[in-house]
$ cat my_file.cif   # mmCIF, C-alpha atoms
data_query
loop_
_atom_site.group_PDB
_atom_site.id
_atom_site.type_symbol
_atom_site.label_atom_id
_atom_site.label_comp_id
_atom_site.auth_asym_id
_atom_site.auth_seq_id
_atom_site.Cartn_x
_atom_site.Cartn_y
_atom_site.Cartn_z
ATOM 1 C CA MET I 597 14.261 -13.514 13.130
ATOM 2 C CA ILE I 598 14.918 -11.941 9.722
ATOM 3 C CA LYS I 599 13.036 -14.746 7.961
ATOM 4 C CA PHE I 600 10.109 -14.346 10.357
ATOM 5 C CA MET I 601 9.929 -10.566 9.764
ATOM 6 C CA TYR I 602 10.164 -11.058 5.997
ATOM 7 C CA ILE I 603 7.381 -13.662 5.869
ATOM 8 C CA PHE I 604 5.287 -11.629 8.328
ATOM 9 C CA CYS I 605 5.436 -8.471 6.191
ATOM 10 C CA MET I 606 4.851 -10.382 2.960
ATOM 11 C CA ILE I 607 1.730 -12.148 4.232
ATOM 12 C CA VAL I 608 0.326 -9.178 6.145
ATOM 13 C CA TRP I 609 0.611 -6.737 3.248
ATOM 14 C CA GLY I 610 -0.480 -9.379 0.750
ATOM 15 C CA LEU I 611 -3.727 -9.703 2.739
ATOM 16 C CA ASN I 612 -4.321 -5.956 3.109
ATOM 17 C CA PHE I 613 -7.198 -5.743 0.674
ATOM 18 C CA ILE I 614 -8.755 -8.965 1.949
ATOM 19 C CA ALA I 615 -9.076 -7.232 5.336
ATOM 20 C CA VAL I 616 -10.708 -4.217 3.675
ATOM 21 C CA LYS I 617 -13.197 -6.550 1.987
ATOM 22 C CA ILE I 618 -13.989 -8.320 5.279
ATOM 23 C CA GLN I 619 -14.423 -4.982 7.033
ATOM 24 C CA GLY I 620 -17.176 -4.120 4.558
ATOM 25 C CA THR I 621 -19.269 -0.968 4.502
ATOM 26 C CA PRO I 622 -21.334 -0.692 7.710
ATOM 27 C CA VAL I 623 -20.228 2.959 7.542
ATOM 28 C CA SER I 624 -18.757 5.006 4.704
ATOM 29 C CA LEU I 625 -15.335 4.050 3.440
ATOM 30 C CA GLU I 626 -14.159 7.563 4.267
ATOM 31 C CA LEU I 627 -15.073 7.056 7.923
ATOM 32 C CA SER I 628 -13.512 3.579 8.091
ATOM 33 C CA LEU I 629 -10.302 4.977 6.648
ATOM 34 C CA THR I 630 -10.369 7.892 9.101
ATOM 35 C CA PHE I 631 -10.557 5.484 12.060
ATOM 36 C CA ARG I 632 -7.538 3.607 10.701
ATOM 37 C CA LEU I 633 -5.484 6.735 10.076
ATOM 38 C CA VAL I 634 -6.250 8.321 13.460
ATOM 39 C CA MET I 635 -5.332 5.157 15.375
ATOM 40 C CA THR I 636 -2.118 4.660 13.415
ATOM 41 C CA ALA I 637 -1.113 8.312 13.797
ATOM 42 C CA PHE I 638 -1.583 7.980 17.557
ATOM 43 C CA LEU I 639 0.659 4.880 17.647
ATOM 44 C CA PHE I 640 3.464 6.604 15.754
ATOM 45 C CA LEU I 641 3.221 9.746 17.883
ATOM 46 C CA VAL I 642 3.515 7.610 21.027
ATOM 47 C CA LEU I 643 6.482 5.801 19.464
ATOM 48 C CA ILE I 644 8.211 9.156 18.863
ATOM 49 C CA LEU I 645 7.707 10.125 22.519
ATOM 50 C CA PHE I 646 9.359 6.878 23.637
ATOM 51 C CA ILE I 647 12.352 6.599 21.289
ATOM 52 C CA ARG I 648 12.859 10.260 20.254
ATOM 53 C CA PRO I 649 14.648 9.458 16.967
ATOM 54 C CA LYS I 650 17.049 11.809 15.219
ATOM 55 C CA GLY I 651 16.307 13.120 11.735
ATOM 56 C CA ARG I 652 13.508 15.543 12.577
ATOM 57 C CA PRO I 653 12.178 17.228 9.404
ATOM 58 C CA THR I 654 13.044 20.886 8.840
ATOM 59 C CA SER I 655 10.665 23.563 7.588
ATOM 60 C CA LYS I 656 11.850 22.833 4.032
ATOM 61 C CA ASP I 657 11.001 19.144 4.458
ATOM 62 C CA ILE I 658 7.476 19.621 5.841
ATOM 63 C CA PRO I 659 5.723 20.235 2.471
ATOM 64 C CA PHE I 660 7.162 16.980 1.094
ATOM 65 C CA VAL I 661 6.269 15.050 4.256
ATOM 66 C CA ILE I 662 2.717 16.404 4.007
ATOM 67 C CA ALA I 663 2.546 15.446 0.320
ATOM 68 C CA PHE I 664 3.795 11.976 1.266
ATOM 69 C CA GLY I 665 0.997 11.602 3.844
ATOM 70 C CA ILE I 666 -1.736 12.868 1.531
ATOM 71 C CA CYS I 667 -0.670 10.685 -1.402
ATOM 72 C CA ASN I 668 0.333 7.506 0.444
ATOM 73 C CA PHE I 669 -2.098 7.396 3.359
ATOM 74 C CA ALA I 670 -5.186 9.465 2.540
ATOM 75 C CA LEU I 671 -6.060 9.648 -1.148
ATOM 76 C CA SER I 672 -4.369 6.431 -2.300
ATOM 77 C CA TYR I 673 -5.887 4.411 0.559
ATOM 78 C CA LEU I 674 -9.330 5.854 -0.212
ATOM 79 C CA CYS I 675 -9.048 4.913 -3.897
ATOM 80 C CA LEU I 676 -7.866 1.404 -3.001
ATOM 81 C CA TYR I 677 -10.712 0.997 -0.479
ATOM 82 C CA TYR I 678 -13.263 1.893 -3.166
ATOM 83 C CA ALA I 679 -11.518 -0.381 -5.655
ATOM 84 C CA THR I 680 -11.713 -3.336 -3.254
ATOM 85 C CA ILE I 681 -15.428 -2.882 -2.637
ATOM 86 C CA LEU I 682 -16.268 -2.317 -6.318
ATOM 87 C CA SER I 683 -14.264 -5.274 -7.634
ATOM 88 C CA SER I 684 -12.326 -7.931 -5.730
ATOM 89 C CA ALA I 685 -9.322 -7.992 -3.442
ATOM 90 C CA ALA I 686 -7.532 -10.261 -5.934
ATOM 91 C CA ILE I 687 -7.906 -7.735 -8.760
ATOM 92 C CA VAL I 688 -6.833 -4.819 -6.558
ATOM 93 C CA THR I 689 -3.783 -6.716 -5.310
ATOM 94 C CA LEU I 690 -2.732 -7.473 -8.886
ATOM 95 C CA VAL I 691 -3.169 -3.857 -9.994
ATOM 96 C CA PHE I 692 -1.330 -2.621 -6.898
ATOM 97 C CA SER I 693 1.639 -4.824 -7.812
ATOM 98 C CA LEU I 694 2.168 -2.424 -10.740
ATOM 99 C CA LYS I 695 3.569 -0.120 -8.070
ATOM 100 C CA VAL I 696 6.981 -1.703 -8.654
ATOM 101 C CA ILE I 697 6.862 -0.181 -12.154
ATOM 102 C CA LEU I 698 5.105 3.113 -11.397
ATOM 103 C CA THR I 699 7.369 4.010 -8.458
ATOM 104 C CA PRO I 700 10.620 3.896 -10.513
ATOM 105 C CA ILE I 701 8.880 5.990 -13.184
ATOM 106 C CA ALA I 702 7.859 8.547 -10.540
ATOM 107 C CA LEU I 703 11.419 8.556 -9.185
ATOM 108 C CA ARG I 704 12.676 9.206 -12.698
ATOM 109 C CA ILE I 705 10.227 12.090 -13.259
ATOM 110 C CA PHE I 706 10.585 13.846 -9.911
ATOM 111 C CA LEU I 707 14.091 12.906 -8.723
ATOM 112 C CA LYS I 708 15.789 12.192 -12.076
ATOM 113 C CA GLU I 709 16.817 8.705 -10.957
ATOM 114 C CA LYS I 710 17.901 6.148 -13.550
ATOM 115 C CA LEU I 711 15.104 4.044 -15.029
ATOM 116 C CA HIS I 712 16.232 0.477 -15.773
ATOM 117 C CA SER I 713 14.994 -1.359 -18.874
ATOM 118 C CA ARG I 714 13.846 -4.248 -16.663
ATOM 119 C CA VAL I 715 11.117 -1.941 -15.307
ATOM 120 C CA LEU I 716 9.576 -1.692 -18.795
ATOM 121 C CA ILE I 717 9.755 -5.479 -19.304
ATOM 122 C CA GLY I 718 8.260 -6.161 -15.882
ATOM 123 C CA GLY I 719 5.588 -3.541 -16.497
ATOM 124 C CA ILE I 720 4.486 -5.178 -19.742
ATOM 125 C CA LEU I 721 4.166 -8.563 -18.007
ATOM 126 C CA GLY I 722 2.260 -6.950 -15.142
ATOM 127 C CA VAL I 723 -0.232 -5.305 -17.502
ATOM 128 C CA VAL I 724 -0.650 -8.621 -19.336
ATOM 129 C CA GLY I 725 -1.422 -10.295 -16.002
ATOM 130 C CA VAL I 726 -4.089 -7.732 -15.113
ATOM 131 C CA CYS I 727 -5.643 -7.992 -18.595
ATOM 132 C CA ILE I 728 -5.811 -11.785 -18.327
ATOM 133 C CA LEU I 729 -7.574 -11.546 -14.968
ATOM 134 C CA ILE I 730 -10.212 -8.999 -16.026
ATOM 135 C CA TYR I 731 -10.941 -10.531 -19.454
ATOM 136 C CA PRO I 732 -13.720 -12.859 -18.217
ATOM 137 C CA THR I 733 -15.482 -9.974 -16.427
ATOM 138 C CA LEU I 734 -15.978 -8.069 -19.678
ATOM 139 C CA GLU I 735 -18.744 -10.461 -20.756
ATOM 140 C CA ASN I 736 -21.229 -9.556 -18.004
ATOM 141 C CA PHE I 737 -22.689 -6.476 -16.345
ATOM 142 C CA GLN I 738 -20.711 -7.018 -13.156
ATOM 143 C CA GLY I 739 -17.682 -6.365 -15.291
ATOM 144 C CA PHE I 740 -18.519 -2.641 -15.316
ATOM 145 C CA HIS I 741 -18.110 -2.583 -11.531
ATOM 146 C CA ASP I 742 -14.812 -4.411 -11.917
ATOM 147 C CA ILE I 743 -13.644 -1.881 -14.496
ATOM 148 C CA LYS I 744 -14.512 1.000 -12.155
ATOM 149 C CA GLY I 745 -12.684 -0.842 -9.398
ATOM 150 C CA ILE I 746 -9.627 -1.263 -11.623
ATOM 151 C CA ILE I 747 -9.655 2.455 -12.440
ATOM 152 C CA PHE I 748 -9.763 3.308 -8.729
ATOM 153 C CA ALA I 749 -7.022 0.737 -8.029
ATOM 154 C CA PHE I 750 -4.774 2.169 -10.725
ATOM 155 C CA LEU I 751 -5.364 5.719 -9.495
ATOM 156 C CA GLY I 752 -4.561 4.631 -5.935
ATOM 157 C CA THR I 753 -1.396 2.889 -7.113
ATOM 158 C CA LEU I 754 -0.374 5.960 -9.113
ATOM 159 C CA LEU I 755 -0.859 8.193 -6.053
ATOM 160 C CA THR I 756 1.215 5.735 -4.011
ATOM 161 C CA ALA I 757 4.031 6.007 -6.555
ATOM 162 C CA VAL I 758 3.989 9.814 -6.245
ATOM 163 C CA GLY I 759 4.026 9.439 -2.463
ATOM 164 C CA ASP I 760 6.964 7.048 -2.763
ATOM 165 C CA ALA I 761 8.876 9.721 -4.689
ATOM 166 C CA CYS I 762 8.214 12.152 -1.830
ATOM 167 C CA SER I 763 9.339 9.464 0.619
ATOM 168 C CA ALA I 764 12.559 8.913 -1.334
ATOM 169 C CA ARG I 765 13.225 12.653 -1.324
ATOM 170 C CA ASN I 766 12.673 12.760 2.440
ATOM 171 C CA ALA I 767 15.032 9.799 2.906
ATOM 172 C CA ASN I 768 17.706 11.578 0.862
ATOM 173 C CA ARG I 769 17.310 14.518 3.233
ATOM 174 C CA LYS I 770 17.839 12.167 6.212
ATOM 175 C CA VAL I 771 14.297 12.621 7.532
ATOM 176 C CA ASP I 772 13.602 9.753 9.930
ATOM 177 C CA PRO I 773 10.726 7.661 8.499
ATOM 178 C CA ILE I 774 9.082 7.455 11.923
ATOM 179 C CA TYR I 775 8.640 11.238 11.897
ATOM 180 C CA ALA I 776 7.463 11.085 8.281
ATOM 181 C CA ASN I 777 4.864 8.426 9.091
ATOM 182 C CA ALA I 778 3.654 10.194 12.241
ATOM 183 C CA ILE I 779 3.137 13.456 10.357
ATOM 184 C CA GLY I 780 1.815 11.692 7.266
ATOM 185 C CA PHE I 781 -0.831 9.714 9.132
ATOM 186 C CA THR I 782 -1.818 12.819 11.114
ATOM 187 C CA VAL I 783 -2.226 14.927 7.974
ATOM 188 C CA GLY I 784 -4.135 12.083 6.303
ATOM 189 C CA SER I 785 -6.456 11.872 9.323
ATOM 190 C CA LEU I 786 -7.178 15.607 9.198
ATOM 191 C CA LEU I 787 -7.846 15.501 5.451
ATOM 192 C CA MET I 788 -10.221 12.535 5.711
ATOM 193 C CA GLY I 789 -12.000 14.167 8.673
ATOM 194 C CA ALA I 790 -12.484 17.326 6.600
ATOM 195 C CA ILE I 791 -13.898 15.272 3.722
ATOM 196 C CA ILE I 792 -16.402 13.595 6.060
ATOM 197 C CA LEU I 793 -17.478 16.950 7.507
ATOM 198 C CA PHE I 794 -17.848 18.348 3.977
ATOM 199 C CA GLN I 795 -20.023 15.369 3.024
ATOM 200 C CA GLY I 796 -22.152 15.918 6.130
ATOM 201 C CA LYS I 797 -21.828 12.309 7.283
ATOM 202 C CA GLU I 798 -22.301 11.211 10.884
ATOM 203 C CA PHE I 799 -19.420 9.813 12.946
ATOM 204 C CA ILE I 800 -20.661 6.320 13.835
ATOM 205 C CA PHE I 801 -18.342 3.655 15.208
ATOM 206 C CA PRO I 802 -19.466 0.090 14.304
ATOM 207 C CA THR I 803 -18.957 -2.516 17.026
ATOM 208 C CA SER I 804 -19.407 -5.779 15.111
ATOM 209 C CA PHE I 805 -16.673 -8.383 15.540
ATOM 210 C CA THR I 806 -15.773 -8.532 11.832
ATOM 211 C CA TYR I 807 -15.480 -4.750 11.540
ATOM 212 C CA LEU I 808 -13.402 -4.310 14.684
ATOM 213 C CA SER I 809 -11.111 -7.248 13.939
ATOM 214 C CA ALA I 810 -10.463 -5.982 10.400
ATOM 215 C CA LEU I 811 -9.858 -2.447 11.689
ATOM 216 C CA LEU I 812 -7.390 -3.670 14.322
ATOM 217 C CA TYR I 813 -5.621 -5.810 11.712
ATOM 218 C CA LEU I 814 -5.288 -2.914 9.287
ATOM 219 C CA THR I 815 -4.127 -0.542 12.031
ATOM 220 C CA LEU I 816 -2.004 -2.496 14.498
ATOM 221 C CA VAL I 817 -0.676 -5.204 12.203
ATOM 222 C CA ALA I 818 -0.562 -3.811 8.648
ATOM 223 C CA SER I 819 0.057 -0.097 9.227
ATOM 224 C CA PHE I 820 2.203 -0.256 12.374
ATOM 225 C CA ALA I 821 3.834 -3.594 13.273
ATOM 226 C CA ALA I 822 4.574 -4.731 9.706
ATOM 227 C CA TRP I 823 5.974 -1.334 8.816
ATOM 228 C CA LEU I 824 8.369 -1.414 11.792
ATOM 229 C CA PHE I 825 9.474 -4.923 10.792
ATOM 230 C CA TYR I 826 10.044 -3.736 7.220
ATOM 231 C CA LEU I 827 12.167 -0.842 8.464
ATOM 232 C CA LYS I 828 14.292 -3.347 10.376
ATOM 233 C CA LEU I 829 14.582 -5.553 7.283
ATOM 234 C CA VAL I 830 15.839 -2.626 5.188
ATOM 235 C CA GLU I 831 18.460 -2.013 7.871
ATOM 236 C CA LYS I 832 19.539 -5.675 7.997
ATOM 237 C CA ILE I 833 19.337 -6.927 4.395
ATOM 238 C CA GLY I 834 18.875 -3.779 2.298
ATOM 239 C CA GLY I 835 15.986 -2.182 0.441
ATOM 240 C CA ALA I 836 16.346 -4.300 -2.704
ATOM 241 C CA GLN I 837 15.978 -7.703 -1.053
ATOM 242 C CA SER I 838 13.271 -6.382 1.272
ATOM 243 C CA GLY I 839 11.313 -5.111 -1.724
ATOM 244 C CA TYR I 840 11.221 -8.532 -3.405
ATOM 245 C CA MET I 841 8.225 -9.473 -1.238
ATOM 246 C CA VAL I 842 6.055 -7.235 -3.441
ATOM 247 C CA ALA I 843 6.440 -9.797 -6.223
ATOM 248 C CA LEU I 844 4.420 -12.352 -4.238
ATOM 249 C CA PHE I 845 1.568 -10.021 -3.222
ATOM 250 C CA PRO I 846 -0.612 -11.031 -6.224
ATOM 251 C CA ALA I 847 -0.267 -14.742 -5.405
ATOM 252 C CA ILE I 848 -1.084 -14.200 -1.711
ATOM 253 C CA GLY I 849 -4.046 -11.948 -2.491
ATOM 254 C CA GLY I 850 -5.338 -14.301 -5.184
ATOM 255 C CA VAL I 851 -5.207 -17.401 -2.976
ATOM 256 C CA ALA I 852 -6.830 -15.552 -0.053
ATOM 257 C CA SER I 853 -9.578 -14.215 -2.320
ATOM 258 C CA VAL I 854 -10.425 -17.787 -3.342
ATOM 259 C CA LEU I 855 -10.332 -19.039 0.268
ATOM 260 C CA ILE I 856 -12.877 -16.457 1.474
ATOM 261 C CA GLY I 857 -15.148 -17.259 -1.469
ATOM 262 C CA GLU I 858 -14.748 -13.867 -3.143
ATOM 263 C CA SER I 859 -13.161 -15.258 -6.319
ATOM 264 C CA ASP I 860 -13.494 -18.571 -8.104
ATOM 265 C CA PRO I 861 -10.330 -20.538 -8.898
ATOM 266 C CA SER I 862 -9.765 -20.341 -12.629
ATOM 267 C CA VAL I 863 -7.091 -20.461 -15.281
ATOM 268 C CA TYR I 864 -7.451 -16.687 -15.677
ATOM 269 C CA LEU I 865 -6.779 -16.069 -11.980
ATOM 270 C CA ILE I 866 -3.757 -18.370 -11.907
ATOM 271 C CA ALA I 867 -2.299 -16.971 -15.137
ATOM 272 C CA GLY I 868 -2.932 -13.371 -14.053
ATOM 273 C CA CYS I 869 -1.213 -13.905 -10.715
ATOM 274 C CA PHE I 870 1.692 -15.687 -12.421
ATOM 275 C CA PHE I 871 2.360 -12.903 -14.927
ATOM 276 C CA CYS I 872 2.058 -10.196 -12.249
ATOM 277 C CA CYS I 873 4.441 -12.027 -9.914
ATOM 278 C CA ILE I 874 7.011 -12.584 -12.676
ATOM 279 C CA GLY I 875 6.633 -8.994 -13.897
ATOM 280 C CA ALA I 876 7.119 -7.590 -10.394
ATOM 281 C CA ALA I 877 10.160 -9.813 -9.807
ATOM 282 C CA ILE I 878 11.770 -8.655 -13.079
ATOM 283 C CA ALA I 879 11.024 -4.993 -12.354
ATOM 284 C CA LEU I 880 12.571 -5.332 -8.896
ATOM 285 C CA GLY I 881 15.695 -6.920 -10.379
ATOM 286 C CA PHE I 882 15.294 -10.243 -8.608
ATOM 287 C CA GLY I 883 18.511 -12.227 -8.904
ATOM 288 C CA THR I 884 20.696 -9.222 -9.750
ATOM 289 C CA ARG I 885 23.566 -8.010 -7.613
ATOM 290 C CA ASN I 886 22.110 -4.535 -7.030
ATOM 291 C CA GLN I 887 21.362 -4.323 -3.316
ATOM 292 C CA ASN I 888 21.151 -0.546 -3.001
ATOM 293 C CA MET I 889 17.771 0.157 -4.525
ATOM 294 C CA LYS I 890 15.170 1.125 -1.959
ATOM 295 C CA LEU I 891 11.562 0.587 -2.883
ATOM 296 C CA PRO I 892 9.122 2.159 -0.430
ATOM 297 C CA ILE I 893 6.231 -0.129 0.480
ATOM 298 C CA GLN I 894 2.833 1.097 1.622
ATOM 299 C CA GLY I 895 1.637 -0.484 4.803
#

$ encode --input "my_file.cif" --output "structure tokens"
Amino acid sequence: MIKFMYIFCMIVWGLNFIAVKIQGTPVSLELSLTFRLVMTAFLFLVLILFIRPKGRPTSKDIPFVIAFGICNFALSYLCLYYATILSSAAIVTLVFSLKVILTPIALRIFLKEKLHSRVLIGGILGVVGVCILIYPTLENFQGFHDIKGIIFAFLGTLLTAVGDACSARNANRKVDPIYANAIGFTVGSLLMGAIILFQGKEFIFPTSFTYLSALLYLTLVASFAAWLFYLKLVEKIGGAQSGYMVALFPAIGGVASVLIGESDPSVYLIAGCFFCCIGAAIALGFGTRNQNMKLPIQG
């Protein structure tokens, strides 16, 4: 069962941005994200009613739980959605893998946690991988869209790292992650709804098969089921081993991007994925004996 949950989470989260690409833009990205956040918030609130977990956040914890929701679920998701549409899911997945470097840096800045030298080595390899992948795009006009997409992807990954620091702080305070996710998704929903109202956009719900299937995948599978499996994995095998799956996200996203015809198979794509995977594995300490490091993963 542990192997199934591990492979399930790895594949599901590795295909996250592919689902965003398939969903497309029949409505604004802000509205698509709002639908996802509202549905996921509802699922977690129902889960709380059924299991009533301990570890309810106190008044001192609420600001950090809110910051976690805004950074991890609202603003970072929005940036990553725009990045996926502007460039490709393969590029966004590679940039997002830099999270394994940015999160430890954020933990060092905000929580004064130790920063291992392997994070710097892995980060250099990760940046090399991204540079290899985007190099061919610099020779044509479409490359400008890719560059904008990369900027959005990096900003989204940076926001995720800040949210991860808030999540780590909440975990240190024994706040149950189910409460944190329920509040975080709710706050993210309210923020995105306010943005849509400010923009004056209509609330239209697309009913095409591709849109609905992608929305259900992103909500039920990626944001809810996979996250619950990951929580169980952390309990069974520890945060360090559970976090190793991040190292394979670039390979999964790259292969899927080729299969749906979004990217062409090339030496640049293969080399970029390889360097990002190796960099992420080094940053995570793959093969070391440290099993206590917990790396939050965005679902």

$ resolve_selection --input "my_file.cif" --expression "the PyMOL selection byres ((chain I and resi 879) around 10)" --output "ChimeraX atom specification"
/I:694-697,700,712-722,840,843,873-878,880-882

$ atom_distance --input "my_file.cif" --atom1 "CA of Phe750 (chain I)" --atom2 "CA of Ser693 (chain I)"
9.9 Å

$ closest_residue --input "my_file.cif" --among "I:Ala757, I:Glu626, I:Leu643, I:Ile833" --to "Gly796 (chain I)" --atoms "all atoms listed in the file"
I:Glu626

$ atom_distance --input "my_file.cif" --atom1 "CA of Leu629 (chain I)" --atom2 "CA of Leu671 (chain I)"
10.0 Å

$ resolve_selection --input "my_file.cif" --expression "the PyMOL selection byres ((chain I and resi 726) around 12)" --output "ChimeraX atom specification"
/I:686-694,719-725,727-733,742-743,746-747,749-750,846,850,864-873,875

$ resolve_selection --input "my_file.cif" --expression "the PyMOL selection byres ((chain I and resi 632) around 12)" --output "count of residues only"
43

$ atom_distance --input "my_file.cif" --atom1 "CA of Ser862 (chain I)" --atom2 "CA of Tyr602 (chain I)"
28.8 Å

$ decode --input "my_file.cif" --residues "region 654-662 of chain I" --atoms "all heavy atoms" --output "PDB file, in the first residue's frame"
ATOM      1  N   THR I 654      -4.647  28.024  17.318  1.00  0.00           N
ATOM      2  CA  THR I 654      -5.028  29.050  18.276  1.00  0.00           C
ATOM      3  C   THR I 654      -5.070  30.403  17.570  1.00  0.00           C
ATOM      4  O   THR I 654      -4.726  30.519  16.381  1.00  0.00           O
ATOM      5  CB  THR I 654      -4.028  29.108  19.428  1.00  0.00           C
ATOM      6  OG1 THR I 654      -2.752  29.531  18.920  1.00  0.00           O
ATOM      7  CG2 THR I 654      -3.870  27.733  20.070  1.00  0.00           C
ATOM      8  N   SER I 655      -5.455  31.424  18.291  1.00  0.00           N
ATOM      9  CA  SER I 655      -5.518  32.772  17.718  1.00  0.00           C
ATOM     10  C   SER I 655      -4.145  33.249  17.258  1.00  0.00           C
ATOM     11  O   SER I 655      -4.031  34.008  16.289  1.00  0.00           O
ATOM     12  CB  SER I 655      -6.101  33.755  18.741  1.00  0.00           C
ATOM     13  OG  SER I 655      -5.325  33.759  19.933  1.00  0.00           O
ATOM     14  N   LYS I 656      -3.080  32.787  17.945  1.00  0.00           N
ATOM     15  CA  LYS I 656      -1.724  33.157  17.530  1.00  0.00           C
ATOM     16  C   LYS I 656      -1.304  32.444  16.248  1.00  0.00           C
ATOM     17  O   LYS I 656      -0.424  32.924  15.521  1.00  0.00           O
ATOM     18  CB  LYS I 656      -0.732  32.833  18.650  1.00  0.00           C
ATOM     19  CG  LYS I 656      -0.890  33.701  19.893  1.00  0.00           C
ATOM     20  CD  LYS I 656       0.171  33.365  20.932  1.00  0.00           C
ATOM     21  CE  LYS I 656       0.036  34.251  22.165  1.00  0.00           C
ATOM     22  NZ  LYS I 656       1.075  33.923  23.189  1.00  0.00           N
ATOM     23  N   ASP I 657      -1.905  31.289  15.985  1.00  0.00           N
ATOM     24  CA  ASP I 657      -1.545  30.515  14.792  1.00  0.00           C
ATOM     25  C   ASP I 657      -2.264  30.999  13.535  1.00  0.00           C
ATOM     26  O   ASP I 657      -1.758  30.805  12.422  1.00  0.00           O
ATOM     27  CB  ASP I 657      -1.891  29.032  15.012  1.00  0.00           C
ATOM     28  CG  ASP I 657      -1.136  28.420  16.176  1.00  0.00           C
ATOM     29  OD1 ASP I 657       0.042  28.777  16.352  1.00  0.00           O
ATOM     30  OD2 ASP I 657      -1.739  27.596  16.899  1.00  0.00           O
ATOM     31  N   ILE I 658      -3.445  31.598  13.703  1.00  0.00           N
ATOM     32  CA  ILE I 658      -4.289  31.951  12.562  1.00  0.00           C
ATOM     33  C   ILE I 658      -3.575  32.812  11.516  1.00  0.00           C
ATOM     34  O   ILE I 658      -3.680  32.530  10.310  1.00  0.00           O
ATOM     35  CB  ILE I 658      -5.585  32.646  13.048  1.00  0.00           C
ATOM     36  CG1 ILE I 658      -6.472  31.643  13.806  1.00  0.00           C
ATOM     37  CG2 ILE I 658      -6.354  33.235  11.867  1.00  0.00           C
ATOM     38  CD1 ILE I 658      -6.927  30.474  12.966  1.00  0.00           C
ATOM     39  N   PRO I 659      -2.845  33.881  11.915  1.00  0.00           N
ATOM     40  CA  PRO I 659      -2.157  34.676  10.880  1.00  0.00           C
ATOM     41  C   PRO I 659      -1.208  33.853  10.010  1.00  0.00           C
ATOM     42  O   PRO I 659      -1.123  34.078   8.791  1.00  0.00           O
ATOM     43  CB  PRO I 659      -1.395  35.734  11.695  1.00  0.00           C
ATOM     44  CG  PRO I 659      -2.160  35.852  12.961  1.00  0.00           C
ATOM     45  CD  PRO I 659      -2.648  34.461  13.259  1.00  0.00           C
ATOM     46  N   PHE I 660      -0.522  32.887  10.601  1.00  0.00           N
ATOM     47  CA  PHE I 660       0.424  32.063   9.846  1.00  0.00           C
ATOM     48  C   PHE I 660      -0.308  31.035   8.977  1.00  0.00           C
ATOM     49  O   PHE I 660       0.155  30.700   7.885  1.00  0.00           O
ATOM     50  CB  PHE I 660       1.388  31.367  10.803  1.00  0.00           C
ATOM     51  CG  PHE I 660       2.278  32.305  11.545  1.00  0.00           C
ATOM     52  CD1 PHE I 660       1.939  32.747  12.826  1.00  0.00           C
ATOM     53  CD2 PHE I 660       3.445  32.784  10.971  1.00  0.00           C
ATOM     54  CE1 PHE I 660       2.759  33.626  13.513  1.00  0.00           C
ATOM     55  CE2 PHE I 660       4.272  33.664  11.647  1.00  0.00           C
ATOM     56  CZ  PHE I 660       3.922  34.098  12.927  1.00  0.00           C
ATOM     57  N   VAL I 661      -1.448  30.553   9.450  1.00  0.00           N
ATOM     58  CA  VAL I 661      -2.261  29.646   8.634  1.00  0.00           C
ATOM     59  C   VAL I 661      -2.836  30.401   7.433  1.00  0.00           C
ATOM     60  O   VAL I 661      -2.873  29.880   6.317  1.00  0.00           O
ATOM     61  CB  VAL I 661      -3.399  29.022   9.483  1.00  0.00           C
ATOM     62  CG1 VAL I 661      -4.300  28.167   8.602  1.00  0.00           C
ATOM     63  CG2 VAL I 661      -2.818  28.178  10.613  1.00  0.00           C
ATOM     64  N   ILE I 662      -3.268  31.638   7.670  1.00  0.00           N
ATOM     65  CA  ILE I 662      -3.785  32.465   6.575  1.00  0.00           C
ATOM     66  C   ILE I 662      -2.681  32.756   5.557  1.00  0.00           C
ATOM     67  O   ILE I 662      -2.891  32.665   4.338  1.00  0.00           O
ATOM     68  CB  ILE I 662      -4.375  33.783   7.122  1.00  0.00           C
ATOM     69  CG1 ILE I 662      -5.662  33.494   7.905  1.00  0.00           C
ATOM     70  CG2 ILE I 662      -4.641  34.770   6.000  1.00  0.00           C
ATOM     71  CD1 ILE I 662      -6.250  34.717   8.594  1.00  0.00           C
TER      72      ILE I 662
END
